[in-house]
Structures are given as structure tokens and as C-alpha cells.
file coords-v4.txt (compact mmCIF, C-alpha atoms)
# COMPACT_ATOMS: atom_id res chain seq x y z
CA MET H 4 0.00 0.00 0.00
CA THR H 5 1.26 3.47 -0.75
CA ASP H 6 0.52 6.58 1.28
CA SER H 7 -0.05 6.28 5.01
CA PRO H 8 -3.29 7.69 6.49
CA GLU H 9 -1.22 10.43 8.10
CA ALA H 10 0.16 11.44 4.72
CA GLU H 11 -3.30 11.28 3.21
CA ALA H 12 -4.72 13.52 5.92
CA THR H 13 -2.26 16.30 5.01
CA GLN H 14 -2.30 15.67 1.30
CA GLU H 15 -2.64 18.72 -0.93
CA PRO H 16 -5.49 18.88 -3.46
CA ALA H 17 -4.73 17.26 -6.80
CA ARG H 18 -3.02 19.51 -9.34
CA ALA H 19 -3.45 19.17 -13.05
CA ASP H 20 0.12 17.95 -13.47
CA VAL H 21 0.38 15.62 -10.44
CA PHE H 22 -2.62 13.51 -9.50
CA ARG H 23 -2.88 11.59 -6.25
CA ALA H 24 -5.48 9.25 -4.81
CA PRO H 25 -8.17 11.16 -2.88
CA VAL H 26 -7.77 11.55 0.87
CA GLY H 27 -8.99 8.43 2.64
CA THR H 28 -8.30 6.08 -0.27
CA HIS H 29 -5.22 4.03 -1.06
CA ASP H 30 -3.64 2.05 -3.85
CA VAL H 31 -2.81 -1.63 -3.37
CA LEU H 32 0.16 -2.56 -5.53
CA PRO H 33 2.04 -5.80 -6.14
CA PRO H 34 3.68 -7.51 -4.35
CA GLU H 35 1.63 -6.27 -1.36
CA SER H 36 -1.52 -7.16 -3.26
CA ASP H 37 -0.52 -10.83 -3.06
CA ALA H 38 -1.51 -10.79 0.62
CA TRP H 39 -4.85 -9.23 -0.33
CA ILE H 40 -5.52 -11.94 -2.91
CA GLY H 41 -4.42 -14.62 -0.45
CA ALA H 42 -6.87 -13.46 2.20
CA VAL H 43 -9.76 -13.27 -0.25
CA SER H 44 -8.87 -16.68 -1.71
CA ALA H 45 -8.70 -18.27 1.73
CA PHE H 46 -12.10 -16.84 2.60
CA ALA H 47 -13.63 -18.00 -0.70
CA GLN H 48 -12.35 -21.54 -0.18
CA ARG H 49 -13.69 -21.77 3.36
CA ALA H 50 -17.05 -20.27 2.37
CA ALA H 51 -17.37 -22.79 -0.46
CA ARG H 52 -16.79 -25.66 1.98
CA TYR H 53 -19.69 -24.32 4.04
CA GLY H 54 -21.97 -24.22 1.00
CA TYR H 55 -21.91 -20.44 0.41
CA GLY H 56 -21.98 -18.99 -3.11
CA LEU H 57 -20.62 -15.63 -4.23
CA VAL H 58 -23.07 -12.71 -4.51
CA SER H 59 -22.14 -9.41 -6.14
CA THR H 60 -24.40 -6.38 -5.71
CA PRO H 61 -24.12 -2.88 -7.23
CA LEU H 62 -21.66 -0.42 -5.79
CA PHE H 63 -24.53 2.04 -5.29
CA GLU H 64 -28.17 1.64 -4.31
CA HIS H 65 -31.21 3.83 -3.81
CA VAL H 66 -30.59 5.66 -0.55
CA GLU H 67 -33.73 4.13 1.02
CA VAL H 68 -32.01 0.72 1.07
CA PHE H 69 -29.51 2.01 3.60
CA GLN H 70 -31.92 4.20 5.50
CA ARG H 71 -33.62 0.96 6.53
CA VAL H 72 -30.52 -0.02 8.52
CA GLY H 73 -30.92 2.87 10.95
CA GLU H 74 -31.46 6.57 10.31
CA HIS H 75 -30.11 7.38 13.79
CA THR H 76 -26.72 5.73 13.22
CA ASP H 77 -23.64 7.83 12.49
CA VAL H 78 -22.96 5.82 9.34
CA ILE H 79 -26.26 6.90 7.79
CA ARG H 80 -26.50 10.40 9.28
CA LYS H 81 -22.90 11.57 8.88
CA GLU H 82 -20.72 9.15 6.92
CA MET H 83 -22.73 7.93 3.92
CA TYR H 84 -21.82 9.23 0.47
CA ASP H 85 -25.18 10.10 -1.12
CA PHE H 86 -26.09 12.27 -4.09
CA ALA H 87 -28.70 12.94 -6.76
CA ASP H 88 -27.82 11.32 -10.08
CA LYS H 89 -28.51 12.85 -13.48
CA GLY H 90 -32.02 11.42 -13.43
CA GLY H 91 -32.80 13.05 -10.10
CA ARG H 92 -32.68 9.77 -8.15
CA HIS H 93 -31.28 9.84 -4.61
CA ILE H 94 -28.37 7.39 -4.72
CA ALA H 95 -25.89 6.26 -2.07
CA LEU H 96 -22.53 4.50 -2.31
CA ARG H 97 -22.58 1.27 -0.32
CA PRO H 98 -21.55 1.99 3.32
CA GLU H 99 -22.01 -1.62 4.49
CA GLY H 100 -22.59 -5.05 3.00
CA THR H 101 -25.72 -6.56 4.55
CA ALA H 102 -28.46 -4.24 3.30
CA PRO H 103 -27.65 -4.73 -0.44
CA VAL H 104 -27.63 -8.51 0.01
CA VAL H 105 -31.01 -8.41 1.74
CA ARG H 106 -32.33 -6.13 -1.01
CA ALA H 107 -31.15 -8.67 -3.61
CA TYR H 108 -32.88 -11.45 -1.66
CA VAL H 109 -36.17 -9.52 -1.55
CA GLN H 110 -35.94 -8.66 -5.24
CA HIS H 111 -35.02 -12.09 -6.61
CA ARG H 112 -36.62 -14.39 -3.99
CA PRO H 113 -34.07 -17.25 -4.15
CA THR H 114 -34.85 -20.52 -2.41
CA ALA H 115 -34.18 -20.41 1.30
CA PRO H 116 -31.90 -20.99 3.03
CA TRP H 117 -29.87 -18.57 0.93
CA LYS H 118 -26.19 -18.79 1.88
CA VAL H 119 -23.90 -16.27 0.19
CA TRP H 120 -20.56 -14.54 0.64
CA TYR H 121 -19.18 -11.34 -0.85
CA VAL H 122 -16.08 -9.23 -1.26
CA ALA H 123 -16.84 -5.59 -2.02
CA PRO H 124 -15.69 -2.00 -1.50
CA ASN H 125 -17.59 0.09 1.05
CA PHE H 126 -17.55 3.86 1.37
CA ARG H 127 -17.75 5.99 4.51
CA TYR H 128 -16.81 9.61 4.97
CA GLU H 129 -14.86 9.43 8.20
CA ARG H 130 -11.46 10.41 9.50
CA PRO H 131 -8.87 8.20 7.76
CA GLN H 132 -6.88 5.98 10.08
CA ARG H 133 -4.59 3.01 9.61
CA GLY H 134 -6.78 0.19 8.35
CA ARG H 135 -9.85 2.45 8.24
CA TYR H 136 -10.22 4.19 4.91
CA ARG H 137 -13.05 6.09 3.26
CA GLN H 138 -13.03 3.36 0.66
CA HIS H 139 -12.30 0.01 2.28
CA TRP H 140 -12.89 -3.58 1.27
CA GLN H 141 -15.04 -6.01 3.18
CA LEU H 142 -15.42 -9.76 3.18
CA GLY H 143 -18.73 -11.01 4.47
CA ALA H 144 -21.26 -13.82 4.58
CA GLU H 145 -25.03 -13.88 5.02
CA VAL H 146 -27.66 -16.58 5.56
CA LEU H 147 -31.32 -15.72 4.98
CA GLY H 148 -34.39 -17.82 5.61
CA VAL H 149 -33.43 -19.85 8.70
CA ASP H 150 -34.33 -19.05 12.31
CA ASP H 151 -32.15 -21.58 14.11
CA PRO H 152 -29.36 -20.97 16.62
CA ALA H 153 -27.36 -23.67 14.83
CA VAL H 154 -27.09 -21.29 11.86
CA ASP H 155 -25.75 -18.59 14.18
CA VAL H 156 -23.09 -21.07 15.29
CA GLU H 157 -22.25 -21.99 11.68
CA VAL H 158 -21.80 -18.35 10.65
CA ILE H 159 -19.56 -17.62 13.64
CA ALA H 160 -17.58 -20.80 12.98
CA LEU H 161 -17.03 -19.74 9.36
CA ALA H 162 -15.47 -16.46 10.45
CA HIS H 163 -13.54 -18.10 13.32
CA GLY H 164 -12.08 -20.75 11.00
CA PHE H 165 -11.03 -18.11 8.48
CA TYR H 166 -8.90 -16.31 11.07
CA ARG H 167 -7.31 -19.64 11.96
CA ASP H 168 -6.68 -20.36 8.27
CA LEU H 169 -4.70 -17.14 8.11
CA GLY H 170 -2.65 -18.18 11.13
CA LEU H 171 -3.99 -15.51 13.49
CA LYS H 172 -3.77 -16.62 17.13
CA ARG H 173 -4.58 -13.42 19.01
CA VAL H 174 -8.16 -12.97 17.81
CA GLN H 175 -10.88 -13.45 20.42
CA LEU H 176 -14.63 -13.80 20.03
CA VAL H 177 -17.11 -11.81 22.12
CA VAL H 178 -20.86 -12.43 21.94
CA ASN H 179 -24.06 -10.85 23.18
CA SER H 180 -27.80 -10.86 22.54
CA MET H 181 -29.64 -7.73 21.42
CA GLY H 182 -32.98 -9.25 22.38
CA ASP H 183 -36.07 -9.26 20.17
CA PRO H 184 -38.78 -6.73 19.29
CA SER H 185 -40.85 -7.83 22.28
CA SER H 186 -38.10 -7.21 24.84
CA ARG H 187 -35.83 -4.51 23.42
CA PRO H 188 -38.22 -1.52 23.72
CA ALA H 189 -38.39 -1.92 27.52
CA TYR H 190 -34.60 -2.04 27.70
CA SER H 191 -34.24 0.98 25.41
CA ASP H 192 -36.63 2.94 27.62
CA ALA H 193 -34.67 2.01 30.77
CA LEU H 194 -31.40 2.89 29.08
CA ARG H 195 -32.76 6.21 27.85
CA ARG H 196 -33.96 7.19 31.31
CA HIS H 197 -30.57 6.29 32.80
CA PHE H 198 -28.56 8.27 30.26
CA LEU H 199 -30.82 11.34 30.35
CA HIS H 200 -30.67 11.38 34.15
CA GLU H 201 -26.96 10.62 34.58
CA GLY H 202 -25.46 12.19 31.46
CA ALA H 203 -26.82 15.72 31.28
CA GLN H 204 -23.32 17.11 31.86
CA PHE H 205 -22.00 15.52 28.66
CA GLY H 206 -23.76 17.98 26.39
CA ASP H 207 -25.98 17.95 23.33
CA GLU H 208 -24.34 15.09 21.41
CA PHE H 209 -24.77 12.67 24.28
CA LEU H 210 -28.34 13.76 24.98
CA GLU H 211 -29.28 13.58 21.30
CA ARG H 212 -28.03 10.01 21.11
CA ALA H 213 -29.80 9.12 24.34
CA ARG H 214 -33.11 10.36 23.01
CA ALA H 215 -32.80 8.97 19.50
CA ASN H 216 -31.12 5.59 20.09
CA PRO H 217 -29.59 5.01 23.53
CA LEU H 218 -28.13 1.66 22.45
CA ARG H 219 -25.67 3.55 20.27
CA ILE H 220 -24.04 5.05 23.36
CA LEU H 221 -23.02 1.62 24.65
CA ASP H 222 -20.27 1.10 22.06
CA SER H 223 -18.82 4.60 22.38
CA LYS H 224 -15.08 4.74 23.03
CA ARG H 225 -15.22 8.21 24.60
CA ALA H 226 -13.39 8.03 27.92
CA ASP H 227 -15.57 10.60 29.68
CA TRP H 228 -18.72 8.55 28.96
CA GLN H 229 -17.44 5.22 30.26
CA ASP H 230 -18.50 5.58 33.90
CA VAL H 231 -22.13 6.29 33.07
CA ILE H 232 -22.05 3.44 30.51
CA ASP H 233 -20.60 1.02 33.07
CA HIS H 234 -23.46 1.78 35.46
CA ALA H 235 -26.19 1.48 32.82
CA PRO H 236 -28.87 -1.25 32.98
CA GLN H 237 -27.88 -4.55 31.36
CA LEU H 238 -29.79 -6.05 28.47
CA PHE H 239 -29.69 -9.54 29.99
CA ASP H 240 -32.16 -8.39 32.62
CA TYR H 241 -34.69 -7.56 29.89
CA LEU H 242 -34.35 -10.55 27.52
CA SER H 243 -37.50 -12.48 26.71
CA ASP H 244 -37.50 -16.21 27.46
CA GLU H 245 -37.27 -16.93 23.73
CA SER H 246 -34.24 -14.65 23.23
CA ARG H 247 -32.54 -16.08 26.31
CA GLU H 248 -33.06 -19.66 25.11
CA HIS H 249 -31.77 -18.77 21.65
CA PHE H 250 -28.63 -17.16 23.08
CA GLU H 251 -27.96 -20.09 25.39
CA ALA H 252 -28.30 -22.50 22.45
CA VAL H 253 -25.74 -20.48 20.49
CA GLN H 254 -23.30 -20.65 23.39
CA ARG H 255 -23.78 -24.42 23.71
CA GLY H 256 -23.06 -24.79 19.99
CA LEU H 257 -19.87 -22.76 20.25
CA ASP H 258 -18.79 -24.83 23.25
CA ALA H 259 -19.42 -28.04 21.30
CA LEU H 260 -17.09 -26.77 18.56
CA GLY H 261 -14.44 -25.72 21.05
CA ILE H 262 -14.74 -22.06 20.00
CA GLU H 263 -13.75 -19.97 22.99
CA HIS H 264 -15.91 -16.91 23.55
CA GLU H 265 -16.66 -14.28 26.13
CA ILE H 266 -20.03 -12.68 26.86
CA ALA H 267 -19.87 -8.91 26.41
CA PRO H 268 -23.04 -7.35 27.86
CA ARG H 269 -22.26 -3.96 26.34
CA LEU H 270 -21.64 -5.26 22.83
CA VAL H 271 -23.99 -3.70 20.30
CA ARG H 272 -23.61 -3.53 16.57
CA GLY H 273 -23.57 -0.30 14.57
CA PHE H 274 -26.92 -0.65 12.85
CA ASP H 275 -30.49 -0.70 14.10
CA TYR H 276 -31.46 -3.88 12.27
CA TYR H 277 -29.69 -6.29 14.63
CA THR H 278 -31.73 -8.63 16.84
CA ARG H 279 -30.72 -11.41 19.21
CA THR H 280 -27.23 -12.81 18.50
CA THR H 281 -24.47 -10.24 18.02
CA PHE H 282 -20.77 -11.02 17.92
CA GLU H 283 -17.41 -9.41 17.29
CA PHE H 284 -13.87 -10.65 16.73
CA VAL H 285 -11.16 -8.50 18.32
CA SER H 286 -7.38 -8.73 18.12
CA ASP H 287 -5.18 -7.85 21.08
CA ALA H 288 -2.36 -7.40 18.58
CA LEU H 289 -3.99 -4.13 17.50
CA ASP H 290 -4.53 -0.82 19.23
CA ALA H 291 -7.48 -1.09 21.61
CA ALA H 292 -9.40 1.71 19.92
CA GLN H 293 -9.27 -0.07 16.54
CA ASN H 294 -9.03 -3.73 17.49
CA ALA H 295 -12.16 -5.14 15.82
CA VAL H 296 -11.34 -7.34 12.84
CA GLY H 297 -14.90 -8.44 12.09
CA GLY H 298 -18.37 -8.79 13.49
CA GLY H 299 -22.02 -9.27 12.79
CA GLY H 300 -25.24 -10.68 14.10
CA ARG H 301 -28.82 -11.61 13.46
CA TYR H 302 -31.27 -9.30 11.65
CA ASP H 303 -34.67 -10.96 11.59
CA ARG H 304 -36.78 -8.00 10.40
CA LEU H 305 -34.66 -6.33 7.73
CA ALA H 306 -36.13 -8.20 4.75
CA GLU H 307 -39.64 -7.34 5.88
CA GLU H 308 -38.70 -3.67 6.23
CA MET H 309 -37.54 -3.77 2.59
CA GLY H 310 -40.91 -5.01 1.40
CA GLY H 311 -40.22 -8.74 1.49
CA PRO H 312 -41.86 -11.48 3.52
CA PRO H 313 -40.74 -12.00 7.14
CA THR H 314 -37.31 -13.58 6.72
CA PRO H 315 -34.77 -14.28 9.46
CA GLY H 316 -31.15 -13.56 8.62
CA ILE H 317 -27.67 -13.52 10.09
CA GLY H 318 -24.27 -12.52 8.79
CA PHE H 319 -21.00 -10.70 9.34
CA GLY H 320 -18.52 -8.37 7.69
CA MET H 321 -14.76 -7.98 8.11
CA GLY H 322 -12.38 -5.38 6.71
CA VAL H 323 -9.63 -6.77 4.50
CA GLU H 324 -7.24 -3.94 5.39
CA ARG H 325 -7.71 -4.43 9.12
CA ILE H 326 -7.20 -8.20 8.80
CA LEU H 327 -3.91 -7.73 6.96
CA ILE H 328 -2.72 -5.30 9.62
CA ALA H 329 -3.55 -7.94 12.26
CA CYS H 330 -1.49 -10.47 10.29
CA GLU H 331 1.39 -8.01 10.11
CA SER H 332 1.14 -7.28 13.84
CA GLU H 333 1.28 -10.99 14.69
CA GLY H 334 4.10 -11.62 12.23
CA VAL H 335 1.92 -14.01 10.26
CA PRO H 336 3.24 -14.53 6.72
CA PRO H 337 0.75 -13.78 3.94
CA VAL H 338 -1.36 -16.68 2.76
CA ALA H 339 -0.09 -18.03 -0.55
CA ALA H 340 -2.46 -16.45 -3.02
CA LEU H 341 -1.40 -17.88 -6.36
CA PRO H 342 1.60 -19.95 -7.44
CA GLY H 343 3.14 -16.92 -9.14
CA ILE H 344 6.09 -17.24 -11.49
CA GLU H 345 7.68 -20.67 -11.40
CA VAL H 346 9.69 -20.61 -14.63
CA PHE H 347 11.52 -17.74 -16.31
CA VAL H 348 12.46 -18.12 -19.98
CA VAL H 349 15.78 -16.58 -21.01
CA ASP H 350 15.97 -16.06 -24.77
CA ASP H 351 19.18 -15.85 -26.80
CA LEU H 352 17.57 -16.97 -30.06
CA GLY H 353 15.51 -13.93 -31.01
CA ASP H 354 12.80 -15.92 -32.77
CA ALA H 355 9.35 -17.11 -31.62
CA SER H 356 10.71 -20.04 -29.56
CA ALA H 357 10.42 -18.21 -26.22
CA THR H 358 6.86 -17.10 -26.98
CA VAL H 359 5.81 -20.67 -27.84
CA ILE H 360 7.42 -22.23 -24.75
CA LEU H 361 5.84 -19.58 -22.51
CA GLN H 362 2.40 -20.33 -23.90
CA GLU H 363 2.86 -24.08 -23.52
CA LEU H 364 3.90 -23.68 -19.89
CA ARG H 365 1.07 -21.27 -19.07
CA ASP H 366 -1.53 -23.47 -20.79
CA SER H 367 -0.29 -26.35 -18.61
CA GLY H 368 -0.92 -24.37 -15.44
CA VAL H 369 2.65 -23.22 -14.85
CA GLY H 370 3.37 -19.58 -13.98
CA ALA H 371 5.95 -18.40 -16.50
CA ASP H 372 7.45 -15.11 -17.62
CA ARG H 373 10.27 -13.60 -19.66
CA ALA H 374 12.10 -10.33 -20.28
CA TYR H 375 11.34 -8.23 -23.33
CA GLY H 376 13.10 -5.63 -25.42
CA GLY H 377 16.08 -7.66 -26.66
CA ARG H 378 17.95 -7.51 -23.35
CA SER H 379 21.27 -9.32 -22.87
CA VAL H 380 21.38 -12.80 -21.38
CA LYS H 381 23.04 -11.36 -18.27
CA ALA H 382 20.22 -8.83 -17.81
CA GLN H 383 17.62 -11.53 -18.42
CA LEU H 384 19.17 -13.75 -15.75
CA LYS H 385 19.05 -10.87 -13.28
CA ALA H 386 15.36 -10.48 -14.06
CA ALA H 387 14.91 -14.23 -13.61
CA ASN H 388 16.45 -14.08 -10.13
CA ARG H 389 14.19 -11.15 -9.19
CA SER H 390 11.06 -12.91 -10.45
CA GLY H 391 10.94 -15.50 -7.67
CA ALA H 392 10.97 -18.34 -10.19
CA ARG H 393 12.58 -21.64 -9.21
CA PHE H 394 13.71 -22.59 -12.71
CA ALA H 395 15.06 -20.72 -15.71
CA VAL H 396 14.71 -22.21 -19.19
CA LEU H 397 17.66 -21.00 -21.28
CA LEU H 398 17.31 -20.90 -25.06
CA PHE H 399 20.79 -21.01 -26.64
CA ARG H 400 21.66 -21.65 -30.27
CA GLU H 401 23.98 -24.59 -29.64
CA GLU H 402 21.40 -26.56 -27.63
CA ALA H 403 18.59 -25.51 -29.98
CA GLY H 404 20.58 -27.00 -32.86
CA ARG H 405 20.24 -30.43 -31.26
CA GLY H 406 16.60 -29.92 -30.19
CA ALA H 407 17.25 -29.13 -26.54
CA VAL H 408 17.05 -26.37 -23.95
CA VAL H 409 18.99 -25.73 -20.73
CA VAL H 410 17.18 -25.71 -17.38
CA ARG H 411 18.86 -23.90 -14.50
CA ASN H 412 17.77 -24.28 -10.89
CA LEU H 413 17.80 -20.67 -9.70
CA VAL H 414 18.11 -21.79 -6.07
CA THR H 415 21.05 -24.18 -6.38
CA SER H 416 22.51 -22.91 -9.73
CA GLU H 417 22.57 -26.52 -11.00
CA GLN H 418 21.64 -26.91 -14.65
CA LEU H 419 21.04 -29.67 -17.17
CA GLU H 420 19.99 -30.16 -20.76
CA VAL H 421 16.41 -31.25 -21.48
CA PRO H 422 14.92 -32.22 -24.86
CA ARG H 423 12.78 -29.35 -26.16
CA GLU H 424 9.65 -31.48 -26.60
CA GLN H 425 9.91 -32.68 -22.98
CA ILE H 426 10.34 -29.32 -21.25
CA VAL H 427 6.71 -28.91 -20.12
CA ALA H 428 6.56 -32.47 -18.76
CA TRP H 429 9.92 -31.95 -17.01
CA VAL H 430 8.72 -28.76 -15.30
CA LEU H 431 5.44 -30.36 -14.22
CA GLU H 432 7.29 -33.31 -12.71
CA HIS H 433 9.94 -31.30 -10.91
CA ARG H 434 7.64 -28.56 -9.61
CA GLU H 435 5.88 -31.29 -7.60
CA MET H 436 9.25 -32.40 -6.19
CA ALA H 437 10.27 -28.89 -5.17
CA PRO H 438 10.20 -28.28 -1.41
CA SER H 439 7.36 -26.04 -0.21

call {"tool": "encode", "arguments": {"input": "coords-v4.txt", "output": "C-alpha cells"}}
result
Amino acid sequence: MTDSPEAEATQEPARADVFRAPVGTHDVLPPESDAWIGAVSAFAQRAARYGYGLVSTPLFEHVEVFQRVGEHTDVIRKEMYDFADKGGRHIALRPEGTAPVVRAYVQHRPTAPWKVWYVAPNFRYERPQRGRYRQHWQLGAEVLGVDDPAVDVEVIALAHGFYRDLGLKRVQLVVNSMGDPSSRPAYSDALRRHFLHEGAQFGDEFLERARANPLRILDSKRADWQDVIDHAPQLFDYLSDESREHFEAVQRGLDALGIEHEIAPRLVRGFDYYTRTTFEFVSDALDAAQNAVGGGGRYDRLAEEMGGPPTPGIGFGMGVERILIACESEGVPPVAALPGIEVFVVDDLGDASATVILQELRDSGVGADRAYGGRSVKAQLKAANRSGARFAVLLFREEAGRGAVVVRNLVTSEQLEVPREQIVAWVLEHREMAPS
């Protein structure tokens, strides 16, 4: 990745002669992008083993799609990029992943249970920080059409297993229940009364939140609010019997899978649509103020609010940038994304031989490359060493005259002559023998 958030924050406006990425965005360039691809590939493989298919929704939606997730949340009120298009429609760039997936479910009515995963850019106008950009990428998964605590366990296990696939060991799971529509209003009223009575000294922002959506105060990181939050009523005391039983079943399922978890009574998610199970994965390898690497929960009324039939749902999202920072902080090597370049062809013939051999290797599933521009053999060998390839195939006139090529092991510098017609088979055989 190029510019740091600090550099972006002080970046001058683009000039006609020198253009830069907008503040709060960043470029992902190779070879750093290999880690990005590796994380996405690892997630896709795990999701496929769980029976999830890829869903891709538009980058922008009608603004009403996102207003359904909570008009009192900061994401919708302050951070969403919205505008009128040339047809006068009120459009918003996607600030989060769940609402578009639910909209797609309501529109297309696939057979339930509908199990999907996505990788997509999200957009939020907020202060850029490390791992928190105005355009950031999210991985996520959603299940619609099943009201069963076993599905909650499956979704959490999918995310938990992904972190383990990456090699992360300092990621912990915290869980809570947001209750249901029959029990949450009483808790919200009790919370509102507490905050209005105890928090008058905190000013208009606090009181506005308390009146509009007191649950949103619970996840505030403001130090001066923490004492009044710590003494607030607890949601557990207001759960209905059904919500309590559901939450206990989820915990039993996690225990059965050996997934360690901690109950966090103050855990709430950032959108109003959440009900019952909520969860978050946090990394103690990251700064405490930005330690969440993923989270989600159940949203049993969102489809209905979008005009569909009553449809239970649960899912999660996780920021790719934040995950890669967690890997860096733990010293976890990037997941192997793709095999990359395995063979580098060095050409001293100047005809089409190198082009043909490259195509044969690539068509056989071997990553192969070459230098261009008529460079010297010495320069080509330097490029071969920089490429990360294990083998170089050397095309010299003497060997070509007897129908052969030279293969050099770029690790050991050993080389041998191989018949030209056998080169692809030789590479395929010896790539399997190469140590991982």
C-alpha cells in the first residue's frame, strides 16, 4: 500500500500535473496485493466448503435501502456518500454489506436458506486511520431464511475458522444478545432514562443520542462517557424467554465446537437492524481503539422492512485492510495467493521459440514469464532471479541446434539439458518435487 493515512490527511489537493489518490483512499500494488488476494482466496475456499456462493451487488443503491438499517446511526447520518444522479434519483454508495444482500434477496426471492458470501468495496466519509479508509474492502457472509441458533453457530464458525486459516492466534470472540422486538423496547426505555438522568453534563451530542437511540451510546469509546455506561442497565435483565433460550443454544453450539468466547453485555452492533445474537472478533495485537477485525449478528426484520416477507437472517462483515494489519502485527506470513512465477524463460535466439514455450507452460498451469526488449542474457538472468521463479529455461543456439534447452535451478545454480519437446513435462514433474 502506498501513502499512510497520516500522509493522506495532510495531502494537498490534486493539481493538473500531479494527481494523487483522494484523501482516505489508497492504492494496493504488487507484491503487497498478493496478501490481499491470499486473504480473499482463503475466505472464498472456506465459504465454499460451508456451501456459500458468491453474490455481487451494485456499488450504489437507492438511498432508502440504507436508510432501513438505521437513520439514527452515524454511518447513515454523517458518513454515507449520497447524491442525486442525473435522473434526479437519490443514490448512495454502499456503506455496508448486509443491506444490499437483503435487497437482492427480496428482489429475486431465491430458495431459502440462501447462503452467500461477498467481497466488495464500502464507502464511509470518516477520519482516515490506519486500516480504516473512506473506501475500504469487506469480506462477508449472510444466511437468509433460517431461524435456528445452529445457523448462528455456523456463521460464527465460518469467520472463526477463516482467522485460523490465516494463522492468526490473538483474535478473540465476544458475543451478546440484542434481544427481540418484544423485549428490546423496555430495555431501550430504561437505558434512555438512565442516560438522560446521569449524562446531562456531557452535552448535546450525548443527549441527542440518548433520546434517539440510547443503544448507540453503549459502544462509544469516549473516555468521559465510560463511567455512566458502566453503570447502565444490562440487556440480559430484559431478555425475553425466547431470546434467552436462543442465546444459550448459540453458546452451547460454540462450546461443542471448542470455540472460545466471552459474553460482552455492552456489545452492540452499529446498525439498528440487529436482533438477538451479536458477535465481534477482536485482536489484542492491534490498538485497543481499533481492534475489531470483524463482526455481525442476526437481523430478523430487515427483509420485511424492505418489502419482502418476514425472513430471518444472520451474517457478518470484516475489513480486509484491518485483517492484513492484524497479520502483520502478529508476524503471520501472507497466505499463498497464487503460485506466481515458477519458470523464467531466457531467450538468446531472437525468434518465436520463447513465446511458444511460454504459452505451452502457461496453458499447462505453470506460472511463467520472460524479459522483453532484446535484453542481454546477463540482464535476463538478473530479471529471472528477481522474479521468484525456481527454474530458468535458457534458449541457446547450440542446444537448440540439437533440439534441446537448458534448465537452471535458480536456487542451487545446477543446470542440465532437457529435450525441447519434454520441457513442459519436465517442469510439471519437478515442480511437484520442489520443497514447499

call {"tool": "atom_distance", "arguments": {"input": "coords-v4.txt", "atom1": "atom CA of H:Asp227", "atom2": "atom CA of H:Glu283"}}
result
23.6 Å

call {"tool": "residues_around", "arguments": {"input": "coords-v4.txt", "residues": "stretch 209-211 of chain H", "least_positions_apart": "4", "cutoff": "9 Å", "atoms": "all atoms listed in the file", "output": "ChimeraX atom specification"}}
result
/H:198-199,202-205,215-217,220,228

call {"tool": "atom_distance", "arguments": {"input": "coords-v4.txt", "atom1": "atom CA of H:Gly143", "atom2": "atom CA of H:Trp120"}}
result
5.5 Å

call {"tool": "closest_residue", "arguments": {"input": "coords-v4.txt", "among": "H:Pro337, H:Arg378, H:Lys172, H:Gln425", "to": "H:Asp37", "atoms": "only C-alpha atoms"}}
result
H:Pro337

call {"tool": "closest_residue", "arguments": {"input": "coords-v4.txt", "among": "H:His65, H:Ala107, H:Ile159, H:Ser44", "to": "H:Glu263", "atoms": "only C-alpha atoms"}}
result
H:Ile159

call {"tool": "residues_around", "arguments": {"input": "coords-v4.txt", "residues": "H:Ala95", "least_positions_apart": "3", "cutoff": "8 Å", "atoms": "only C-alpha atoms", "output": "VMD selection string"}}
result
chain H and resid 63 to 66 69 83 to 86

call {"tool": "closest_residue", "arguments": {"input": "coords-v4.txt", "among": "H:Ile262, H:Met321, H:Val78, H:Met181", "to": "H:Pro124", "atoms": "all atoms listed in the file"}}
result
H:Met321

call {"tool": "closest_residue", "arguments": {"input": "coords-v4.txt", "among": "H:His234, H:His163, H:Arg212, H:His29", "to": "H:Arg80", "atoms": "only C-alpha atoms"}}
result
H:Arg212

call {"tool": "atom_distance", "arguments": {"input": "coords-v4.txt", "atom1": "atom CA of H:Ala153", "atom2": "atom CA of H:Val177"}}
result
17.3 Å

call {"tool": "residues_around", "arguments": {"input": "coords-v4.txt", "residues": "H:Glu308", "least_positions_apart": "4", "cutoff": "12 Å", "atoms": "all atoms listed in the file", "output": "mmCIF file with C-alpha atoms, in the frame of the given file"}}
result
data_model
loop_
_atom_site.group_PDB
_atom_site.id
_atom_site.type_symbol
_atom_site.label_atom_id
_atom_site.label_comp_id
_atom_site.auth_asym_id
_atom_site.auth_seq_id
_atom_site.Cartn_x
_atom_site.Cartn_y
_atom_site.Cartn_z
ATOM 1 C CA GLU H 67 -33.730 4.130 1.020
ATOM 2 C CA VAL H 68 -32.010 0.720 1.070
ATOM 3 C CA PHE H 69 -29.510 2.010 3.600
ATOM 4 C CA GLN H 70 -31.920 4.200 5.500
ATOM 5 C CA ARG H 71 -33.620 0.960 6.530
ATOM 6 C CA VAL H 72 -30.520 -0.020 8.520
ATOM 7 C CA GLY H 73 -30.920 2.870 10.950
ATOM 8 C CA ALA H 102 -28.460 -4.240 3.300
ATOM 9 C CA VAL H 105 -31.010 -8.410 1.740
ATOM 10 C CA ARG H 106 -32.330 -6.130 -1.010
ATOM 11 C CA VAL H 109 -36.170 -9.520 -1.550
ATOM 12 C CA ASP H 275 -30.490 -0.700 14.100
ATOM 13 C CA TYR H 276 -31.460 -3.880 12.270
ATOM 14 C CA TYR H 302 -31.270 -9.300 11.650
ATOM 15 C CA ASP H 303 -34.670 -10.960 11.590
ATOM 16 C CA ARG H 304 -36.780 -8.000 10.400
ATOM 17 C CA PRO H 312 -41.860 -11.480 3.520
ATOM 18 C CA PRO H 313 -40.740 -12.000 7.140
ATOM 19 C CA THR H 314 -37.310 -13.580 6.720
ATOM 20 C CA PRO H 315 -34.770 -14.280 9.460
#

call {"tool": "closest_residue", "arguments": {"input": "coords-v4.txt", "among": "H:Gly322, H:Ala395, H:Gly316, H:His249", "to": "H:Glu99", "atoms": "only C-alpha atoms"}}
result
H:Gly322
